[in-house]
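**Student:** Data: model-v4.txt, compact mmCIF, N, CA, C and O atoms.
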# COMPACT_ATOMS: atom_id res chain seq x y z
N THR A 16 54.04 56.48 -18.92
CA THR A 16 54.40 57.81 -19.36
C THR A 16 53.13 58.55 -19.79
O THR A 16 52.05 57.97 -19.92
N PHE A 17 53.31 59.82 -20.05
CA PHE A 17 52.16 60.64 -20.46
C PHE A 17 51.61 60.21 -21.81
O PHE A 17 50.39 60.15 -22.01
N ILE A 18 52.49 59.90 -22.74
CA ILE A 18 52.05 59.48 -24.08
C ILE A 18 51.25 58.19 -24.01
O ILE A 18 50.21 58.05 -24.69
N GLU A 19 51.68 57.24 -23.20
CA GLU A 19 50.93 55.99 -23.04
C GLU A 19 49.56 56.26 -22.45
O GLU A 19 48.56 55.65 -22.87
N ASN A 20 49.49 57.15 -21.47
CA ASN A 20 48.20 57.48 -20.87
C ASN A 20 47.25 58.11 -21.88
O ASN A 20 46.06 57.80 -21.90
N VAL A 21 47.77 58.99 -22.70
CA VAL A 21 46.94 59.61 -23.74
C VAL A 21 46.47 58.56 -24.74
O VAL A 21 45.30 58.54 -25.14
N ALA A 22 47.36 57.66 -25.12
CA ALA A 22 46.99 56.61 -26.08
C ALA A 22 45.94 55.68 -25.50
O ALA A 22 44.97 55.32 -26.19
N PHE A 23 46.09 55.28 -24.25
CA PHE A 23 45.11 54.41 -23.61
C PHE A 23 43.77 55.13 -23.45
O PHE A 23 42.70 54.54 -23.63
N GLY A 24 43.81 56.40 -23.09
CA GLY A 24 42.57 57.17 -22.96
C GLY A 24 41.85 57.30 -24.29
O GLY A 24 40.63 57.13 -24.38
N PHE A 25 42.60 57.60 -25.34
CA PHE A 25 42.00 57.71 -26.67
C PHE A 25 41.47 56.37 -27.15
O PHE A 25 40.37 56.27 -27.68
N GLY A 26 42.24 55.31 -26.94
CA GLY A 26 41.80 53.97 -27.35
C GLY A 26 40.56 53.53 -26.60
O GLY A 26 39.67 52.90 -27.18
N GLY A 27 40.50 53.84 -25.32
CA GLY A 27 39.30 53.50 -24.54
C GLY A 27 38.08 54.24 -25.04
O GLY A 27 36.98 53.67 -25.12
N GLY A 28 38.25 55.50 -25.38
CA GLY A 28 37.14 56.28 -25.92
C GLY A 28 36.66 55.75 -27.26
O GLY A 28 35.45 55.66 -27.52
N VAL A 29 37.59 55.39 -28.12
CA VAL A 29 37.23 54.84 -29.43
C VAL A 29 36.54 53.50 -29.26
O VAL A 29 35.53 53.21 -29.93
N GLY A 30 37.05 52.66 -28.36
CA GLY A 30 36.42 51.36 -28.11
C GLY A 30 35.00 51.51 -27.59
O GLY A 30 34.09 50.78 -27.99
N TRP A 31 34.81 52.45 -26.67
CA TRP A 31 33.47 52.71 -26.13
C TRP A 31 32.53 53.17 -27.24
O TRP A 31 31.39 52.73 -27.33
N PHE A 32 33.01 54.06 -28.10
CA PHE A 32 32.20 54.56 -29.20
C PHE A 32 31.79 53.44 -30.15
O PHE A 32 30.63 53.34 -30.55
N VAL A 33 32.72 52.56 -30.47
CA VAL A 33 32.42 51.43 -31.37
C VAL A 33 31.39 50.50 -30.73
O VAL A 33 30.44 50.06 -31.39
N ALA A 34 31.54 50.22 -29.44
CA ALA A 34 30.59 49.33 -28.76
C ALA A 34 29.20 49.94 -28.70
O ALA A 34 28.20 49.25 -28.95
N ILE A 35 29.10 51.22 -28.41
CA ILE A 35 27.80 51.89 -28.32
C ILE A 35 27.14 51.96 -29.70
O ILE A 35 25.92 51.77 -29.83
N MET A 36 27.92 52.24 -30.73
CA MET A 36 27.35 52.30 -32.07
C MET A 36 26.89 50.92 -32.53
O MET A 36 25.85 50.80 -33.20
N ALA A 37 27.63 49.88 -32.19
CA ALA A 37 27.21 48.52 -32.54
C ALA A 37 25.91 48.17 -31.82
O ALA A 37 25.00 47.59 -32.42
N MET A 38 25.82 48.53 -30.54
CA MET A 38 24.59 48.26 -29.77
C MET A 38 23.41 49.02 -30.36
O MET A 38 22.31 48.47 -30.48
N ALA A 39 23.61 50.26 -30.77
CA ALA A 39 22.52 51.03 -31.37
C ALA A 39 22.06 50.40 -32.68
O ALA A 39 20.86 50.32 -32.96
N GLY A 40 23.00 49.93 -33.49
CA GLY A 40 22.63 49.28 -34.75
C GLY A 40 21.87 47.99 -34.52
O GLY A 40 20.89 47.70 -35.22
N ILE A 41 22.30 47.21 -33.55
CA ILE A 41 21.61 45.95 -33.26
C ILE A 41 20.22 46.21 -32.72
O ILE A 41 19.25 45.54 -33.11
N ARG A 42 20.09 47.19 -31.83
CA ARG A 42 18.76 47.49 -31.28
C ARG A 42 17.82 48.02 -32.35
O ARG A 42 16.61 47.78 -32.31
N THR A 43 18.35 48.76 -33.33
CA THR A 43 17.51 49.24 -34.43
C THR A 43 16.98 48.07 -35.24
O THR A 43 15.81 48.04 -35.62
N ARG A 44 17.84 47.09 -35.50
CA ARG A 44 17.39 45.92 -36.25
C ARG A 44 16.41 45.07 -35.44
O ARG A 44 15.51 44.44 -35.99
N LEU A 45 16.59 45.02 -34.11
CA LEU A 45 15.68 44.24 -33.27
C LEU A 45 14.28 44.83 -33.22
O LEU A 45 13.32 44.12 -32.94
N ARG A 46 14.18 46.12 -33.46
CA ARG A 46 12.87 46.76 -33.44
C ARG A 46 11.92 46.14 -34.46
O ARG A 46 10.71 46.09 -34.25
N PHE A 47 12.48 45.64 -35.55
CA PHE A 47 11.66 45.07 -36.63
C PHE A 47 11.68 43.54 -36.66
O PHE A 47 11.18 42.94 -37.58
N SER A 48 12.27 42.91 -35.64
CA SER A 48 12.32 41.46 -35.61
C SER A 48 11.32 40.90 -34.60
O SER A 48 10.72 41.65 -33.84
N ASN A 49 11.18 39.61 -34.61
CA ASN A 49 10.20 38.94 -33.76
C ASN A 49 10.86 38.51 -32.45
O ASN A 49 11.40 37.41 -32.34
N VAL A 50 10.84 39.38 -31.44
CA VAL A 50 11.41 39.10 -30.13
C VAL A 50 10.27 38.69 -29.20
O VAL A 50 9.22 39.33 -29.20
N PRO A 51 10.45 37.62 -28.42
CA PRO A 51 9.39 37.23 -27.49
C PRO A 51 9.03 38.37 -26.53
O PRO A 51 9.87 39.18 -26.16
N GLU A 52 7.79 38.42 -26.14
CA GLU A 52 7.27 39.53 -25.32
C GLU A 52 8.04 39.69 -24.02
O GLU A 52 8.31 40.81 -23.57
N GLY A 53 8.44 38.58 -23.39
CA GLY A 53 9.13 38.67 -22.12
C GLY A 53 10.55 39.19 -22.22
O GLY A 53 11.14 39.60 -21.22
N LEU A 54 11.12 39.19 -23.42
CA LEU A 54 12.50 39.64 -23.59
C LEU A 54 12.61 41.05 -24.17
O LEU A 54 13.71 41.57 -24.30
N LYS A 55 11.51 41.66 -24.53
CA LYS A 55 11.57 42.99 -25.11
C LYS A 55 12.10 43.99 -24.10
O LYS A 55 11.83 43.90 -22.91
N GLY A 56 12.88 44.94 -24.59
CA GLY A 56 13.43 45.98 -23.72
C GLY A 56 14.74 45.57 -23.09
O GLY A 56 15.67 45.13 -23.77
N PRO A 57 14.84 45.68 -21.77
CA PRO A 57 16.12 45.42 -21.09
C PRO A 57 16.57 43.97 -21.17
O PRO A 57 17.77 43.70 -21.18
N GLY A 58 15.65 43.03 -21.27
CA GLY A 58 16.03 41.62 -21.30
C GLY A 58 16.89 41.27 -22.49
O GLY A 58 17.99 40.71 -22.35
N ILE A 59 16.44 41.62 -23.68
CA ILE A 59 17.20 41.30 -24.88
C ILE A 59 18.46 42.15 -24.96
O ILE A 59 19.49 41.71 -25.47
N THR A 60 18.42 43.36 -24.39
CA THR A 60 19.61 44.21 -24.37
C THR A 60 20.72 43.57 -23.53
O THR A 60 21.90 43.60 -23.92
N MET A 61 20.36 43.00 -22.40
CA MET A 61 21.37 42.35 -21.56
C MET A 61 21.95 41.10 -22.24
O MET A 61 23.14 40.83 -22.14
N ILE A 62 21.11 40.36 -22.95
CA ILE A 62 21.60 39.18 -23.67
C ILE A 62 22.56 39.60 -24.77
O ILE A 62 23.64 39.01 -24.94
N ILE A 63 22.21 40.64 -25.52
CA ILE A 63 23.08 41.14 -26.59
C ILE A 63 24.39 41.66 -26.01
O ILE A 63 25.47 41.42 -26.57
N THR A 64 24.31 42.36 -24.89
CA THR A 64 25.52 42.88 -24.26
C THR A 64 26.45 41.74 -23.85
O THR A 64 27.68 41.84 -24.01
N GLY A 65 25.88 40.66 -23.35
CA GLY A 65 26.70 39.49 -23.00
C GLY A 65 27.37 38.88 -24.21
O GLY A 65 28.55 38.52 -24.16
N PHE A 66 26.65 38.76 -25.30
CA PHE A 66 27.25 38.22 -26.53
C PHE A 66 28.34 39.14 -27.07
O PHE A 66 29.37 38.68 -27.55
N MET A 67 28.11 40.45 -26.99
CA MET A 67 29.14 41.38 -27.43
C MET A 67 30.38 41.29 -26.55
O MET A 67 31.51 41.36 -27.05
N ALA A 68 30.19 41.13 -25.26
CA ALA A 68 31.33 40.99 -24.35
C ALA A 68 32.13 39.74 -24.66
O ALA A 68 33.37 39.76 -24.66
N LEU A 69 31.43 38.64 -24.96
CA LEU A 69 32.14 37.41 -25.34
C LEU A 69 32.94 37.62 -26.63
O LEU A 69 34.06 37.14 -26.76
N GLY A 70 32.35 38.33 -27.57
CA GLY A 70 33.05 38.61 -28.83
C GLY A 70 34.27 39.48 -28.63
O GLY A 70 35.33 39.23 -29.20
N PHE A 71 34.15 40.52 -27.81
CA PHE A 71 35.29 41.39 -27.56
C PHE A 71 36.39 40.67 -26.79
O PHE A 71 37.57 40.87 -27.03
N MET A 72 36.01 39.82 -25.86
CA MET A 72 37.02 39.07 -25.10
C MET A 72 37.72 38.06 -26.01
O MET A 72 38.90 37.79 -25.84
N GLY A 73 36.98 37.46 -26.93
CA GLY A 73 37.60 36.55 -27.88
C GLY A 73 38.56 37.28 -28.81
O GLY A 73 39.62 36.76 -29.15
N GLY A 74 38.21 38.49 -29.19
CA GLY A 74 39.09 39.29 -30.03
C GLY A 74 40.30 39.79 -29.29
O GLY A 74 41.36 40.05 -29.89
N ALA A 75 40.20 39.94 -27.98
CA ALA A 75 41.33 40.42 -27.19
C ALA A 75 42.48 39.40 -27.20
O ALA A 75 43.64 39.77 -27.12
N GLY A 76 42.16 38.12 -27.32
CA GLY A 76 43.20 37.09 -27.35
C GLY A 76 43.97 37.08 -28.67
O GLY A 76 45.05 36.50 -28.74
N LEU A 77 43.44 37.70 -29.70
CA LEU A 77 44.11 37.70 -30.99
C LEU A 77 45.31 38.66 -31.03
O LEU A 77 46.20 38.50 -31.84
N ALA A 78 45.30 39.64 -30.12
CA ALA A 78 46.36 40.66 -30.15
C ALA A 78 47.64 40.15 -29.50
O ALA A 78 48.69 40.76 -29.68
N ASN A 79 47.59 39.06 -28.77
CA ASN A 79 48.80 38.58 -28.08
C ASN A 79 49.67 37.76 -28.98
O ASN A 79 49.46 37.03 -29.76
Could you write out this file's structure as structure tokens?
**Tutor:**
Amino acid sequence: TFIENVAFGFGGGVGWFVAIMAMAGIRTRLRFSNVPEGLKGPGITMIITGFMALGFMGGAGLAN
């Protein structure tokens, strides 16, 4: 229905916002930490994104 579509659209937008804000906060903290030279930039970002995806998928099972 239309209401379900609006709710899913809004929920998707809120979820995206939360994920992007979490990534920004983590990257800000990484700026001051000791990251190996080969992982600086996109490397550590991809690793963090993978860990965040695992966390979100683990949380998705709690709703059932």
**Student:** Tell me which of A:Met72, A:Leu77, A:Val29, A:Arg42 sits closest to Gly58 of chain A, counting only C-alpha atoms.
**Tutor:**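 Counting only C-alpha atoms, the residue closest to Gly58 of chain A is A:Arg42.
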**Student:** Suppose you want the space between atom O of Phe66 of chain A and atom O of Val21 of chain A; what is it in Å?
**Tutor:**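 According to the coordinates, atom O of Phe66 of chain A and atom O of Val21 of chain A are separated by 25.6 Å.
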**Student:** Could you check the closest approach to Ala37 of chain A for each of A:Thr64, A:Leu69, A:Ala75, A:Asn49 and tell me which residue wins, using only C-alpha atoms?
**Tutor:**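 Ranked by minimum distance to Ala37 of chain A, first place goes to A:Thr64.
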**Student:** Can you work out the spacing between atom C of Arg44 of chain A and atom CA of Ile63 of chain A in Å, to one decimal?
**Tutor:**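 Separation of atom C of Arg44 of chain A and atom CA of Ile63 of chain A: 11.8 Å.
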**Student:** Could you state the separation of atom CA of Val33 of chain A and atom C of Phe17 of chain A in Å, given to one decimal place?
**Tutor:**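 Separation between atom CA of Val33 of chain A and atom C of Phe17 of chain A: 23.2 Å.
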**Student:** Could you tell me, as a ChimeraX atom specification, which residues of segment 26-66 of chain A DSSP assigns to alpha helix (DSSP H) when given the backbone?
**Tutor:** /A:26-45,57-66
**Student:** Regenerate segment 48-59 of chain A at the level of all heavy atoms and dump it as a PDB file, in the frame of the given file.
**Tutor:**
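Saved file result_18.pdb follows:
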ATOM      1  N   SER A  48      12.270  42.910 -35.640  1.00  0.00           N
ATOM      2  CA  SER A  48      12.320  41.460 -35.610  1.00  0.00           C
ATOM      3  C   SER A  48      11.320  40.900 -34.600  1.00  0.00           C
ATOM      4  O   SER A  48      10.720  41.650 -33.840  1.00  0.00           O
ATOM      5  CB  SER A  48      13.738  40.990 -35.271  1.00  0.00           C
ATOM      6  OG  SER A  48      14.078  41.395 -33.972  1.00  0.00           O
ATOM      7  N   ASN A  49      11.180  39.610 -34.610  1.00  0.00           N
ATOM      8  CA  ASN A  49      10.200  38.940 -33.760  1.00  0.00           C
ATOM      9  C   ASN A  49      10.860  38.510 -32.450  1.00  0.00           C
ATOM     10  O   ASN A  49      11.400  37.410 -32.340  1.00  0.00           O
ATOM     11  CB  ASN A  49       9.620  37.725 -34.508  1.00  0.00           C
ATOM     12  CG  ASN A  49       8.470  37.103 -33.769  1.00  0.00           C
ATOM     13  OD1 ASN A  49       7.923  37.699 -32.848  1.00  0.00           O
ATOM     14  ND2 ASN A  49       8.107  35.908 -34.176  1.00  0.00           N
ATOM     15  N   VAL A  50      10.840  39.380 -31.440  1.00  0.00           N
ATOM     16  CA  VAL A  50      11.410  39.100 -30.130  1.00  0.00           C
ATOM     17  C   VAL A  50      10.270  38.690 -29.200  1.00  0.00           C
ATOM     18  O   VAL A  50       9.220  39.330 -29.200  1.00  0.00           O
ATOM     19  CB  VAL A  50      12.131  40.347 -29.569  1.00  0.00           C
ATOM     20  CG1 VAL A  50      12.688  40.096 -28.190  1.00  0.00           C
ATOM     21  CG2 VAL A  50      13.223  40.790 -30.513  1.00  0.00           C
ATOM     22  N   PRO A  51      10.450  37.620 -28.420  1.00  0.00           N
ATOM     23  CA  PRO A  51       9.390  37.230 -27.490  1.00  0.00           C
ATOM     24  C   PRO A  51       9.030  38.370 -26.530  1.00  0.00           C
ATOM     25  O   PRO A  51       9.870  39.180 -26.160  1.00  0.00           O
ATOM     26  CB  PRO A  51      10.005  36.064 -26.712  1.00  0.00           C
ATOM     27  CG  PRO A  51      11.063  35.527 -27.605  1.00  0.00           C
ATOM     28  CD  PRO A  51      11.579  36.692 -28.377  1.00  0.00           C
ATOM     29  N   GLU A  52       7.790  38.420 -26.140  1.00  0.00           N
ATOM     30  CA  GLU A  52       7.270  39.530 -25.320  1.00  0.00           C
ATOM     31  C   GLU A  52       8.040  39.690 -24.020  1.00  0.00           C
ATOM     32  O   GLU A  52       8.310  40.810 -23.570  1.00  0.00           O
ATOM     33  CB  GLU A  52       5.786  39.302 -25.030  1.00  0.00           C
ATOM     34  CG  GLU A  52       5.088  40.491 -24.440  1.00  0.00           C
ATOM     35  CD  GLU A  52       5.027  41.676 -25.394  1.00  0.00           C
ATOM     36  OE1 GLU A  52       4.875  41.469 -26.600  1.00  0.00           O
ATOM     37  OE2 GLU A  52       5.151  42.812 -24.900  1.00  0.00           O
ATOM     38  N   GLY A  53       8.440  38.580 -23.390  1.00  0.00           N
ATOM     39  CA  GLY A  53       9.130  38.670 -22.120  1.00  0.00           C
ATOM     40  C   GLY A  53      10.550  39.190 -22.220  1.00  0.00           C
ATOM     41  O   GLY A  53      11.140  39.600 -21.220  1.00  0.00           O
ATOM     42  N   LEU A  54      11.120  39.190 -23.420  1.00  0.00           N
ATOM     43  CA  LEU A  54      12.500  39.640 -23.590  1.00  0.00           C
ATOM     44  C   LEU A  54      12.610  41.050 -24.170  1.00  0.00           C
ATOM     45  O   LEU A  54      13.710  41.570 -24.300  1.00  0.00           O
ATOM     46  CB  LEU A  54      13.272  38.682 -24.502  1.00  0.00           C
ATOM     47  CG  LEU A  54      13.622  37.334 -23.906  1.00  0.00           C
ATOM     48  CD1 LEU A  54      14.329  36.485 -24.942  1.00  0.00           C
ATOM     49  CD2 LEU A  54      14.496  37.496 -22.687  1.00  0.00           C
ATOM     50  N   LYS A  55      11.510  41.660 -24.530  1.00  0.00           N
ATOM     51  CA  LYS A  55      11.570  42.990 -25.110  1.00  0.00           C
ATOM     52  C   LYS A  55      12.100  43.990 -24.100  1.00  0.00           C
ATOM     53  O   LYS A  55      11.830  43.900 -22.910  1.00  0.00           O
ATOM     54  CB  LYS A  55      10.194  43.428 -25.601  1.00  0.00           C
ATOM     55  CG  LYS A  55       9.780  42.707 -26.857  1.00  0.00           C
ATOM     56  CD  LYS A  55       8.515  43.270 -27.422  1.00  0.00           C
ATOM     57  CE  LYS A  55       8.187  42.522 -28.700  1.00  0.00           C
ATOM     58  NZ  LYS A  55       6.994  42.986 -29.329  1.00  0.00           N
ATOM     59  N   GLY A  56      12.880  44.940 -24.590  1.00  0.00           N
ATOM     60  CA  GLY A  56      13.430  45.980 -23.720  1.00  0.00           C
ATOM     61  C   GLY A  56      14.740  45.570 -23.090  1.00  0.00           C
ATOM     62  O   GLY A  56      15.670  45.130 -23.770  1.00  0.00           O
ATOM     63  N   PRO A  57      14.840  45.680 -21.770  1.00  0.00           N
ATOM     64  CA  PRO A  57      16.120  45.420 -21.090  1.00  0.00           C
ATOM     65  C   PRO A  57      16.570  43.970 -21.170  1.00  0.00           C
ATOM     66  O   PRO A  57      17.770  43.700 -21.180  1.00  0.00           O
ATOM     67  CB  PRO A  57      15.855  45.798 -19.644  1.00  0.00           C
ATOM     68  CG  PRO A  57      14.619  46.603 -19.643  1.00  0.00           C
ATOM     69  CD  PRO A  57      13.850  46.234 -20.859  1.00  0.00           C
ATOM     70  N   GLY A  58      15.650  43.030 -21.270  1.00  0.00           N
ATOM     71  CA  GLY A  58      16.030  41.620 -21.300  1.00  0.00           C
ATOM     72  C   GLY A  58      16.890  41.270 -22.490  1.00  0.00           C
ATOM     73  O   GLY A  58      17.990  40.710 -22.350  1.00  0.00           O
ATOM     74  N   ILE A  59      16.440  41.620 -23.680  1.00  0.00           N
ATOM     75  CA  ILE A  59      17.200  41.300 -24.880  1.00  0.00           C
ATOM     76  C   ILE A  59      18.460  42.150 -24.960  1.00  0.00           C
ATOM     77  O   ILE A  59      19.490  41.710 -25.470  1.00  0.00           O
ATOM     78  CB  ILE A  59      16.326  41.452 -26.154  1.00  0.00           C
ATOM     79  CG1 ILE A  59      16.982  40.779 -27.352  1.00  0.00           C
ATOM     80  CG2 ILE A  59      16.015  42.881 -26.446  1.00  0.00           C
ATOM     81  CD1 ILE A  59      16.977  39.285 -27.290  1.00  0.00           C
TER      82      ILE A  59
END
